[in-house]
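Structure file data.txt (compact mmCIF, C-alpha atoms) follows.
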# COMPACT_ATOMS: atom_id res chain seq x y z
CA MET F 915 16.83 -22.38 -11.85
CA LEU F 916 15.34 -18.92 -12.29
CA VAL F 917 17.30 -18.45 -15.49
CA ARG F 918 16.08 -21.77 -16.88
CA ARG F 919 12.48 -20.92 -16.06
CA CYS F 920 12.94 -17.52 -17.59
CA LEU F 921 14.43 -18.99 -20.76
CA ALA F 922 11.45 -21.34 -20.89
CA GLY F 923 9.22 -18.29 -21.15
CA ASP F 924 8.14 -17.97 -17.54
CA ALA F 925 7.40 -14.27 -17.08
CA VAL F 926 7.08 -14.65 -13.33
CA ALA F 927 10.65 -16.03 -13.16
CA TRP F 928 11.89 -12.93 -14.95
CA GLU F 929 10.04 -10.74 -12.51
CA GLU F 930 11.70 -12.61 -9.63
CA ILE F 931 15.10 -11.91 -11.17
CA VAL F 932 14.24 -8.24 -11.47
CA GLN F 933 12.98 -8.12 -7.90
CA LYS F 934 16.10 -9.87 -6.64
CA TYR F 935 18.77 -7.82 -8.41
CA ASN F 936 17.28 -4.39 -9.06
CA ARG F 937 18.36 -2.97 -5.71
CA ARG F 938 21.95 -4.14 -6.08
CA ILE F 939 22.31 -2.93 -9.65
CA TYR F 940 20.69 0.40 -8.87
CA ASN F 941 23.13 0.99 -6.01
CA ILE F 942 26.16 0.18 -8.15
CA CYS F 943 24.90 2.54 -10.86
CA TYR F 944 24.06 5.26 -8.36
CA ARG F 945 27.45 5.18 -6.67
CA PHE F 946 29.27 5.09 -9.98
CA ALA F 947 27.19 7.55 -12.03
CA GLY F 948 26.47 9.87 -9.13
CA SER F 949 22.84 10.78 -9.85
CA GLY F 950 19.58 8.99 -9.20
CA GLU F 951 18.17 9.69 -12.66
CA ASP F 952 21.24 8.28 -14.41
CA ALA F 953 21.18 5.31 -12.07
CA GLN F 954 17.55 4.60 -12.92
CA ASP F 955 18.18 4.79 -16.66
CA LEU F 956 21.31 2.67 -16.39
CA THR F 957 19.55 0.06 -14.27
CA GLN F 958 16.83 -0.24 -16.88
CA GLU F 959 19.46 -0.60 -19.60
CA VAL F 960 21.20 -3.31 -17.61
CA PHE F 961 18.01 -5.33 -17.30
CA ILE F 962 17.14 -4.83 -20.95
CA LYS F 963 20.57 -6.13 -21.91
CA MET F 964 20.20 -9.00 -19.46
CA TYR F 965 16.83 -9.90 -20.93
CA ARG F 966 18.22 -9.97 -24.44
CA THR F 967 21.39 -11.88 -23.62
CA LEU F 968 20.09 -14.21 -20.95
CA LYS F 969 20.56 -17.26 -23.17
CA THR F 970 24.29 -16.52 -23.38
CA TYR F 971 24.73 -17.02 -19.66
CA ASP F 972 26.84 -20.11 -18.91
CA VAL F 973 26.61 -21.50 -15.40
CA GLU F 974 30.03 -23.14 -15.65
CA ARG F 975 31.76 -19.86 -16.37
CA GLY F 976 30.69 -18.21 -13.15
CA ALA F 977 27.93 -17.23 -10.80
CA PHE F 978 24.90 -15.43 -12.10
CA MET F 979 25.68 -12.54 -9.77
CA THR F 980 29.11 -12.12 -11.37
CA TRP F 981 27.55 -12.20 -14.83
CA VAL F 982 25.01 -9.54 -13.84
CA THR F 983 27.70 -7.36 -12.29
CA THR F 984 29.84 -7.71 -15.40
CA ILE F 985 27.01 -6.48 -17.60
CA THR F 986 26.46 -3.59 -15.21
CA ARG F 987 30.10 -2.66 -15.16
CA ASN F 988 30.40 -2.77 -18.96
CA LEU F 989 27.40 -0.50 -19.34
CA LEU F 990 28.81 1.88 -16.74
CA VAL F 991 32.09 2.05 -18.63
CA ASP F 992 30.21 2.82 -21.85
CA HIS F 993 28.20 5.45 -20.05
CA PHE F 994 31.32 6.97 -18.61
CA ARG F 995 32.95 7.13 -22.00
CA LYS F 996 29.92 8.83 -23.48
CA SER F 997 29.64 11.34 -20.70
CA LYS F 998 32.04 14.14 -19.98
CA GLN F 999 33.08 12.81 -16.65
CA ASP F 1000 36.21 11.25 -18.08
CA ARG F 1001 37.60 14.77 -18.43
CA VAL F 1002 37.01 15.90 -14.88
CA THR F 1003 38.43 13.04 -12.88
CA ASP F 1004 40.55 13.86 -9.93
CA SER F 1005 42.41 10.70 -9.25
CA MET F 1006 45.67 9.73 -7.72
CA ASP F 1007 46.55 8.00 -10.97
CA THR F 1008 45.98 10.92 -13.25
CA ALA F 1009 47.22 14.43 -13.19
CA PRO F 1010 44.59 17.13 -12.72
CA SER F 1011 42.89 17.79 -16.00
CA GLU F 1012 42.85 21.16 -17.61
CA HIS F 1013 39.04 20.98 -17.47
CA GLU F 1014 39.16 20.55 -13.74
CA ASP F 1015 37.50 23.35 -11.86
CA ALA F 1016 39.91 25.87 -10.47
CA MET F 1017 38.41 25.36 -7.06
CA PRO F 1018 39.86 22.50 -5.06
CA LEU F 1019 37.58 19.64 -4.20
CA SER F 1020 37.53 20.77 -0.61
CA GLU F 1021 35.77 23.90 -1.76
CA GLN F 1022 33.46 22.04 -4.12
CA ILE F 1023 32.26 19.78 -1.36
CA PRO F 1024 29.87 21.70 0.88
CA ASP F 1025 31.00 22.76 4.32
CA LYS F 1026 29.42 20.54 6.92
CA GLY F 1027 31.10 22.08 9.94
CA ALA F 1028 31.55 18.91 11.93
CA PRO F 1029 34.35 16.37 12.47
CA PRO F 1030 33.99 13.18 10.42
CA ASP F 1031 33.53 10.79 13.33
CA ALA F 1032 30.72 12.79 14.88
CA HIS F 1033 28.26 12.57 11.99
CA VAL F 1034 29.56 9.65 10.06
CA GLN F 1035 26.09 8.19 9.79
CA SER F 1036 24.40 11.41 8.93
CA ARG F 1037 22.92 12.00 5.56
CA GLU F 1038 25.03 15.07 4.92
CA THR F 1039 28.21 13.15 5.51
CA GLY F 1040 27.01 10.42 3.25
CA GLU F 1041 26.44 12.94 0.49
CA THR F 1042 29.90 14.36 1.06
CA VAL F 1043 31.51 10.96 0.73
CA HIS F 1044 29.35 10.24 -2.29
CA ARG F 1045 30.55 13.40 -3.98
CA ALA F 1046 34.15 12.61 -3.14
CA LEU F 1047 33.66 9.16 -4.62
CA GLN F 1048 32.69 10.73 -7.93
CA LYS F 1049 36.11 12.38 -8.04
CA LEU F 1050 37.97 9.10 -8.14
CA SER F 1051 39.09 7.71 -11.46
CA PRO F 1052 36.63 5.14 -12.86
CA GLU F 1053 39.09 2.28 -12.35
CA LEU F 1054 39.55 3.06 -8.67
CA ARG F 1055 35.90 3.93 -8.19
CA GLU F 1056 34.55 0.68 -9.57
CA ALA F 1057 37.05 -1.32 -7.54
CA VAL F 1058 36.12 0.23 -4.21
CA ILE F 1059 32.40 0.15 -5.02
CA LEU F 1060 32.48 -3.57 -5.74
CA ARG F 1061 34.62 -4.32 -2.73
CA ASP F 1062 33.44 -1.98 0.02
CA LEU F 1063 29.86 -1.31 -1.04
CA GLN F 1064 28.92 -4.60 -2.68
CA ASP F 1065 31.13 -6.86 -0.56
CA MET F 1066 32.37 -8.89 -3.48
CA ASP F 1067 35.51 -10.95 -2.99
CA TYR F 1068 38.68 -10.24 -4.93
CA ARG F 1069 38.29 -13.17 -7.24
CA GLU F 1070 34.82 -12.09 -8.31
CA ILE F 1071 35.95 -8.51 -8.77
CA ALA F 1072 38.89 -9.71 -10.86
CA ALA F 1073 36.45 -11.69 -13.02
CA VAL F 1074 34.20 -8.69 -13.49
CA LEU F 1075 37.00 -6.23 -14.21
CA LYS F 1076 38.98 -8.80 -16.18
CA VAL F 1077 42.18 -7.94 -14.38
CA PRO F 1078 44.41 -9.98 -12.03
CA GLU F 1079 43.57 -10.13 -8.34
CA GLY F 1080 46.76 -8.27 -7.50
CA THR F 1081 45.64 -5.37 -9.66
CA VAL F 1082 42.26 -5.43 -7.98
CA LYS F 1083 43.82 -5.20 -4.53
CA SER F 1084 46.13 -2.44 -5.60
CA ARG F 1085 43.25 -0.43 -7.09
CA ILE F 1086 41.18 -0.91 -3.97
CA ASN F 1087 44.01 0.30 -1.74
CA ARG F 1088 44.70 3.33 -3.88
CA GLY F 1089 41.03 4.10 -4.19
CA ARG F 1090 40.52 4.03 -0.44
CA ALA F 1091 43.61 6.15 0.17
CA GLU F 1092 42.64 8.66 -2.48
CA LEU F 1093 39.16 9.01 -1.05
CA ALA F 1094 40.56 9.55 2.44
CA ARG F 1095 42.93 12.18 1.11
CA LEU F 1096 40.08 14.03 -0.62
CA LEU F 1097 37.96 14.01 2.50
CA GLN F 1098 40.89 15.01 4.70
CA ARG F 1099 41.38 18.04 2.54
CA THR F 1100 37.74 18.82 2.83
CA TYR F 1101 37.56 18.72 6.59
CA ARG F 1102 40.96 20.37 6.99
CA GLN F 1103 39.56 23.33 5.09
CA VAL F 1104 36.54 23.34 7.33
CA MET F 1105 38.47 23.13 10.55
CA MET C 1045 59.96 4.09 -2.96
CA PRO C 1046 57.85 1.22 -4.40
CA GLY C 1047 60.73 -1.14 -4.99
CA GLU C 1048 62.51 -0.41 -1.73
CA SER C 1049 62.84 -3.19 0.82
CA LYS C 1050 62.45 -2.36 4.50
CA ASN C 1051 62.35 -4.95 7.33
CA GLY C 1052 62.33 -7.81 4.83
CA MET C 1053 59.33 -6.59 2.84
CA GLN C 1054 59.13 -4.60 -0.38
CA CYS C 1055 56.59 -1.87 -0.90
CA ALA C 1056 54.88 -3.86 -3.68
CA GLU C 1057 54.41 -6.76 -1.27
CA PHE C 1058 53.14 -4.35 1.37
CA ASP C 1059 50.57 -3.09 -1.13
CA LEU C 1060 49.40 -6.62 -1.87
CA LEU C 1061 49.05 -7.48 1.81
CA LEU C 1062 47.36 -4.22 2.69
CA SER C 1063 43.91 -5.48 1.71
CA GLU C 1064 44.34 -8.64 3.74
CA VAL C 1065 45.43 -6.64 6.76
CA LEU C 1066 42.38 -4.42 6.51
CA ASP C 1067 40.23 -7.52 6.10
CA GLU C 1068 41.96 -8.94 9.20
CA THR C 1069 42.91 -12.13 7.40
CA LEU C 1070 46.66 -11.74 7.75
CA SER C 1071 48.45 -13.11 10.81
CA GLY C 1072 51.76 -14.48 12.06
CA ASP C 1073 55.17 -13.58 10.71
CA LYS C 1074 53.81 -11.85 7.63
CA LEU C 1075 51.72 -9.52 9.75
CA GLU C 1076 54.73 -8.58 11.89
CA LYS C 1077 56.85 -7.86 8.83
CA PHE C 1078 54.00 -5.84 7.36
CA GLN C 1079 53.63 -3.74 10.49
CA ALA C 1080 57.40 -3.22 10.73
CA HIS C 1081 57.57 -2.06 7.13
CA GLY C 1082 54.68 0.31 7.64
CA ARG C 1083 56.35 1.92 10.65
CA VAL C 1084 59.56 2.80 8.80
CA CYS C 1085 58.46 3.31 5.16
CA PRO C 1086 57.50 6.96 4.47
CA VAL C 1087 55.23 5.88 1.58
CA CYS C 1088 53.58 2.70 2.87
CA GLY C 1089 52.98 3.95 6.41
CA PRO C 1090 50.66 6.83 5.38
CA LEU C 1091 49.10 4.56 2.72
CA LEU C 1092 48.01 2.14 5.42
CA ALA C 1093 46.44 4.90 7.48
CA GLU C 1094 44.71 6.47 4.48
CA ALA C 1095 43.43 3.16 3.17
CA LYS C 1096 42.04 2.35 6.60
CA GLU C 1097 40.33 5.73 6.80
CA GLY C 1098 39.01 5.50 3.24
CA ARG C 1099 37.57 2.08 3.94
CA HIS C 1100 35.89 3.51 7.01
CA TRP C 1101 34.32 6.27 4.89
CA LEU C 1102 33.11 3.85 2.26
CA LYS C 1103 31.62 1.52 4.84
CA SER C 1104 29.71 4.47 6.28
CA LEU C 1105 27.79 4.85 3.04
CA GLN C 1106 24.35 3.36 3.33
CA GLU C 1107 22.47 1.55 0.64
CA VAL C 1108 20.11 3.79 -1.28
CA GLU C 1109 16.52 2.90 -1.93
CA PRO C 1110 15.64 2.46 -5.59
CA PRO C 1111 12.61 4.37 -6.94
CA ALA C 1112 9.28 2.72 -6.31
CA ASN C 1113 8.40 2.43 -9.99
CA LEU C 1114 11.77 0.99 -11.03
CA VAL C 1115 10.65 -2.63 -11.13
CA HIS C 1116 7.48 -1.73 -13.00
CA ASN C 1117 9.45 0.29 -15.54
CA ILE C 1118 11.95 -2.52 -16.04
CA LEU C 1119 9.20 -5.09 -16.55
CA VAL C 1120 7.41 -2.87 -19.01
CA ALA C 1121 10.65 -2.12 -20.85
CA THR C 1122 11.63 -5.78 -21.10
CA THR C 1123 8.49 -7.90 -21.38
CA GLY C 1124 6.10 -5.15 -22.34
CA VAL C 1125 3.75 -6.06 -19.52
CA ASP C 1126 3.79 -5.70 -15.79
CA THR C 1127 4.01 -9.35 -14.74
CA VAL C 1128 2.90 -8.47 -11.23
CA ARG C 1129 -0.59 -8.83 -12.65
CA LEU C 1130 0.20 -12.37 -13.72
CA ARG C 1131 0.64 -13.34 -10.11
CA GLN C 1132 -2.84 -12.24 -9.22
CA PRO C 1133 -5.60 -14.83 -9.65
CA ALA C 1134 -7.90 -14.31 -12.58
CA SER C 1135 -10.86 -13.80 -10.28
CA ALA C 1136 -9.10 -10.91 -8.59
CA GLN C 1137 -8.79 -9.02 -11.83
CA PRO C 1138 -11.72 -6.70 -12.23
CA GLN C 1139 -13.52 -7.22 -15.53
CA ILE C 1140 -15.39 -4.14 -16.59
CA SER C 1141 -18.40 -4.81 -18.73
CA ARG C 1142 -19.67 -2.50 -21.41
CA ALA C 1143 -22.61 -1.46 -19.26
CA GLU C 1144 -20.30 -0.50 -16.41
CA ARG C 1145 -18.12 1.42 -18.81
CA MET C 1146 -21.18 3.28 -20.10
CA ARG C 1147 -22.25 3.94 -16.52
CA GLU C 1148 -18.83 5.37 -15.72
CA TRP C 1149 -18.98 7.53 -18.82
CA ALA C 1150 -22.44 8.78 -17.91
CA GLY C 1151 -21.25 9.38 -14.39
CA THR C 1152 -18.51 11.67 -15.62
CA LEU C 1153 -21.13 13.69 -17.49
CA VAL C 1154 -23.74 13.77 -14.78
CA SER C 1155 -21.53 14.24 -11.77
CA PRO C 1156 -20.87 18.00 -12.33
CA VAL C 1157 -24.58 18.67 -12.72
CA TRP C 1158 -25.38 16.47 -9.78
CA ALA C 1159 -22.84 18.35 -7.68
CA VAL C 1160 -24.67 21.60 -8.39
CA ALA C 1161 -28.08 20.04 -7.83
CA ARG C 1162 -27.02 18.74 -4.45
CA GLN C 1163 -26.73 22.28 -3.12
CA PRO C 1164 -29.44 22.84 -0.51
CA ARG C 1165 -31.19 25.65 -2.38
CA PHE C 1166 -31.50 23.62 -5.58
CA ALA C 1167 -32.37 20.46 -3.72
CA MET C 1168 -35.27 22.18 -1.98
CA SER C 1169 -36.56 23.59 -5.27
CA PHE C 1170 -36.34 20.22 -7.00
CA GLY C 1171 -38.06 18.56 -4.07
CA MET C 1172 -40.95 20.99 -4.16
CA ALA C 1173 -41.29 20.68 -7.92
CA PHE C 1174 -41.34 16.91 -7.71
CA PHE C 1175 -43.89 16.97 -4.92
CA SER C 1176 -46.14 19.34 -6.84
CA LEU C 1177 -45.89 17.33 -10.03
CA SER C 1178 -46.58 14.02 -8.34
CA LEU C 1179 -49.53 15.53 -6.48
CA ALA C 1180 -50.99 16.96 -9.68
CA LEU C 1181 -50.59 13.65 -11.49
CA SER C 1182 -52.18 11.68 -8.70
CA MET C 1183 -55.08 14.14 -8.59
CA ALA C 1184 -55.54 13.75 -12.32
CA GLY C 1185 -55.49 9.98 -11.95
CA VAL C 1186 -52.36 9.53 -14.00
CA LYS C 1187 -50.16 6.66 -13.06
CA LEU C 1188 -46.54 6.42 -14.15
CA SER C 1189 -47.08 2.77 -15.03
CA ASP C 1190 -49.78 3.87 -17.48
CA VAL C 1191 -47.56 6.51 -18.98
CA GLN C 1192 -44.97 3.86 -19.73
CA HIS C 1193 -47.46 2.00 -21.92
CA VAL C 1194 -48.56 5.00 -23.92
CA ASP C 1195 -48.44 4.36 -27.64
CA LEU C 1196 -47.32 7.54 -29.38
CA ARG C 1197 -47.72 6.34 -32.96
CA PRO C 1198 -49.93 8.69 -35.04
CA SER C 1199 -52.49 5.97 -35.77
CA ALA C 1200 -52.65 5.05 -32.11
CA VAL C 1201 -53.03 8.68 -31.09
CA LYS C 1202 -55.88 9.11 -33.63
CA ARG C 1203 -57.60 5.98 -32.38
CA THR C 1204 -57.25 7.17 -28.80
CA TYR C 1205 -58.77 10.51 -29.72
CA TYR C 1206 -61.86 8.94 -31.30
CA GLU C 1207 -62.27 6.49 -28.47
CA THR C 1208 -62.07 9.26 -25.92
CA SER C 1209 -64.53 11.51 -27.77
CA GLY C 1210 -66.95 8.57 -28.19
CA ARG C 1211 -66.68 7.86 -24.51
CA VAL C 1212 -67.51 11.47 -23.67
CA VAL C 1213 -70.57 11.48 -25.99
CA LYS C 1214 -71.77 8.24 -24.50
CA TYR C 1215 -71.33 9.61 -21.00
CA TYR C 1216 -73.29 12.72 -21.90
CA GLU C 1217 -76.10 10.67 -23.41
CA ASN C 1218 -76.26 8.46 -20.35
CA ILE C 1219 -76.48 11.46 -18.04
CA ARG C 1220 -79.20 12.95 -20.18
CA PHE C 1221 -81.18 9.72 -20.10
CA VAL C 1222 -80.83 9.54 -16.32
CA TYR C 1223 -82.05 13.12 -15.90
CA GLU C 1224 -85.03 12.45 -18.12
CA ILE C 1225 -85.94 9.36 -16.13
CA GLU C 1226 -85.57 11.30 -12.91
CA SER C 1227 -87.81 14.11 -14.12
CA ARG C 1228 -90.45 11.61 -15.26
CA VAL C 1229 -90.36 9.87 -11.92
CA ARG C 1230 -90.65 13.18 -10.14
CA GLU C 1231 -93.68 14.12 -12.22
CA PHE C 1232 -95.24 10.75 -11.55
CA LYS C 1233 -94.71 11.14 -7.82
CA ARG C 1234 -96.29 14.57 -7.82
CA ALA C 1235 -99.24 13.29 -9.77
CA THR C 1236 -99.85 10.41 -7.39
CA THR C 1237 -99.12 12.12 -4.07
CA PRO C 1238 -102.10 14.15 -2.52
CA ALA C 1239 -101.59 17.83 -1.85
CA GLU C 1240 -100.11 18.57 1.52
CA PRO C 1241 -102.13 20.78 3.87
CA GLY C 1242 -100.93 24.34 3.74
CA PRO C 1243 -99.69 26.25 6.68
CA ALA C 1244 -101.84 28.50 8.84
CA PRO C 1245 -102.90 31.83 7.26
CA GLU C 1246 -100.81 33.91 9.67
CA GLU C 1247 -97.79 31.74 9.18
CA ARG C 1248 -98.27 31.85 5.45
CA LYS C 1249 -98.46 35.56 5.59
CA GLU C 1250 -95.24 35.84 7.57
CA ARG C 1251 -93.42 33.56 5.17
CA LYS C 1252 -94.70 35.59 2.30
CA ASN C 1253 -93.42 38.78 3.82
CA ASN C 1254 -90.04 37.27 4.65
CA ASN C 1255 -89.35 35.52 1.41
CA ASN C 1256 -90.70 37.66 -1.27
CA THR C 1257 -88.16 40.29 -2.03
CA SER C 1258 -88.60 40.38 -5.77
CA GLY C 1259 -91.40 42.97 -5.76
CA GLN C 1260 -93.40 40.99 -8.25
CA PRO C 1261 -97.11 40.18 -7.73
CA GLU C 1262 -97.87 37.16 -5.60
CA GLN C 1263 -98.38 33.89 -7.39
CA LYS C 1264 -100.92 31.22 -6.42
CA GLN C 1265 -98.94 28.30 -5.09
CA GLU C 1266 -101.87 26.18 -3.96
CA ARG C 1267 -102.92 25.08 -7.37
CA ASN C 1268 -104.28 21.58 -7.41
CA TYR C 1269 -103.08 19.94 -10.60
CA SER C 1270 -105.53 17.04 -10.04
CA GLN C 1271 -108.50 19.26 -10.70
CA GLY C 1272 -109.39 19.75 -14.28
CA GLY C 1273 -110.99 22.81 -15.75
CA THR C 1274 -114.36 20.98 -15.99
CA GLN C 1275 -114.63 20.18 -12.30
CA PRO C 1276 -117.51 22.00 -10.37
CA VAL C 1277 -116.10 24.85 -8.30
CA LEU C 1278 -117.80 25.66 -5.04
CA ALA C 1279 -117.30 29.33 -4.42
CA SER C 1280 -117.54 30.72 -0.98
CA ALA C 1281 -120.78 32.53 -0.29
CA PRO C 1282 -122.31 34.72 2.36
CA ASN C 1283 -124.32 33.25 5.14
CA ASP C 1284 -127.57 33.23 3.22
CA PRO C 1285 -126.75 33.17 -0.35
CA PRO C 1286 -129.09 32.27 -3.18
CA VAL C 1287 -128.52 28.74 -4.34
CA VAL C 1288 -127.32 28.60 -7.89
CA THR C 1289 -126.75 25.34 -9.60
CA VAL C 1290 -124.12 25.25 -12.32
CA THR C 1291 -123.96 22.25 -14.54
CA THR C 1292 -120.78 21.44 -16.29
CA TYR C 1293 -120.16 18.84 -18.84
CA ARG C 1294 -117.20 16.58 -18.37
CA ARG C 1295 -115.42 15.78 -21.47
CA PHE C 1296 -114.09 12.35 -21.92
CA VAL C 1297 -111.29 11.97 -24.28
Target encoding structure tokens, full file:
Amino acid sequence: MLVRRCLAGDAVAWEEIVQKYNRRIYNICYRFAGSGEDAQDLTQEVFIKMYRTLKTYDVERGAFMTWVTTITRNLLVDHFRKSKQDRVTDSMDTAPSEHEDAMPLSEQIPDKGAPPDAHVQSRETGETVHRALQKLSPELREAVILRDLQDMDYREIAAVLKVPEGTVKSRINRGRAELARLLQRTYRQVM
Amino acid sequence: MPGESKNGMQCAEFDLLLSEVLDETLSGDKLEKFQAHGRVCPVCGPLLAEAKEGRHWLKSLQEVEPPANLVHNILVATTGVDTVRLRQPASAQPQISRAERMREWAGTLVSPVWAVARQPRFAMSFGMAFFSLSLALSMAGVKLSDVQHVDLRPSAVKRTYYETSGRVVKYYENIRFVYEIESRVREFKRATTPAEPGPAPEERKERKNNNNTSGQPEQKQERNYSQGGTQPVLASAPNDPPVVTVTTYRRFV
């Protein structure tokens, strides 16, 4: 309904779409890109692309949320390709790159000096996990973000990533395990 | 080993069911086989533990708050306008007239000067100056309402000058006429009023001594202007004087 109103030229309907989805898109961008500034720019780009391609949205092909997330994911992939992050990934799938810092991730992540369960809700721990998330490969990162942070179901994620559900589940499992391994190393160094 | 089968389940199948186990949607015989495989498989067992821990970490991440101006920036970048304003009723939108804009502009110019003038020392000086000026104007009979109507054109100024000078001449002539009338009336009164009896000789003498400080010879004050030079004068005489009759001729003009 909002999309129809928006296509009919209703500026208020477009504002409602922006109000409804800006938080979700910003969070996806922030968790994937890693920085607030990049997330803000990417969120704006997503909405600009949405605004230009809104007439291409087909209700029968999927939910509007899936369409929006697909646009976001495609822009994030483009952004990742343009940036240098593709050379510094530390993923279970890929061998450590030659551009990887000599320091292990456990040393790159700041020392928090506390067991994980004690301050799991603290801001510092959140930043630590966020930094560890940036070390995952983009395929694993996007899978766990959509599943564990955006609570999308496997079918929707498969539609967004354009891969089979089995691949989605496998990526999610490996992404979770890889993240746990990174953080274990971190806190093992600390303790 | 990914392809290895342990307790009736291959590692690939274990990997597929891992998500469902963590989502707590798997049950029954499949769940038992899954747990049995995880206990004996050196690869899948740690994977289950790590995936569970990683999920726990990810779930601990809280949603971040987008910047406050994000929506505004998006709306400006897409539609070119902030449509939040469209929601507001037209009456709520302030419409600034040209006069208000001019007033604001003048305010920006005057406000620094006004800030200085509001200092107590300057305020007192300005107050005294205003009081003095207003007092002087009111004493001179000048009203501000009259000043507003002053015509400063050269012809009007010239006309005002001649009118004012004519008024002054007329006033002077009137005063002169009044003084002349007054002096005539005074003369007439003196001519018609009889001479008042003079004071006693001793009293007159005292007054003479007290008042005359000029050193000049005494003047006769008791002249009777009603007597003409042709009137008979009776001079004082000794007790038995010879009677002399003087005849004068009155002249009639």
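For the pair CA of Ile931 in chain F and CA of Ala1057 in chain F, the separation is 24.6 Å.
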ask   = Taking all atoms listed in the file into account, which residues of chain C are within 12 Å of chain F, as an MDAnalysis selection string?
value = chainID C and resid 1055:1067 1087:1132
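For the residues F:Glu1070, F:Asp952, F:Arg1099, F:Val1077, ranking by smallest atom-to-atom distance to Arg975 in chain F using all atoms listed in the file places F:Glu1070 first.
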message = Report, in Å to a single decimal, how far apart CA of Val1194 in chain C and CA of Tyr1206 in chain C are.
response = 15.7 Å
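Minimum distance to Phe994 in chain F across F:Phe946, F:Ile1071, F:Leu1060, F:Arg919 (counting all atoms listed in the file) occurs at F:Phe946.
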request  = Could you tell me how far CA of Ser1178 in chain C lies from CA of Glu1207 in chain C, in Å and to one decimal?
outcome  = 26.6 Å
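Ranking C:Lys1214, C:Met1053, C:Val1229, C:Thr1208 by their shortest atom-to-atom distance to Arg1083 in chain C, with all atoms listed in the file included, puts C:Met1053 first.
The residue that comes closest to Thr984 in chain F, out of F:Leu1050, F:Leu921, F:Ala1072, F:Leu916 and on the basis of all atoms listed in the file, is F:Ala1072.
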task = With all atoms listed in the file counted, which protein, DNA or RNA residues have an atom no more than 8 Å from (18.3, -18.7, -23.7) in the file frame? Please answer as a count of residues only.
result = 8
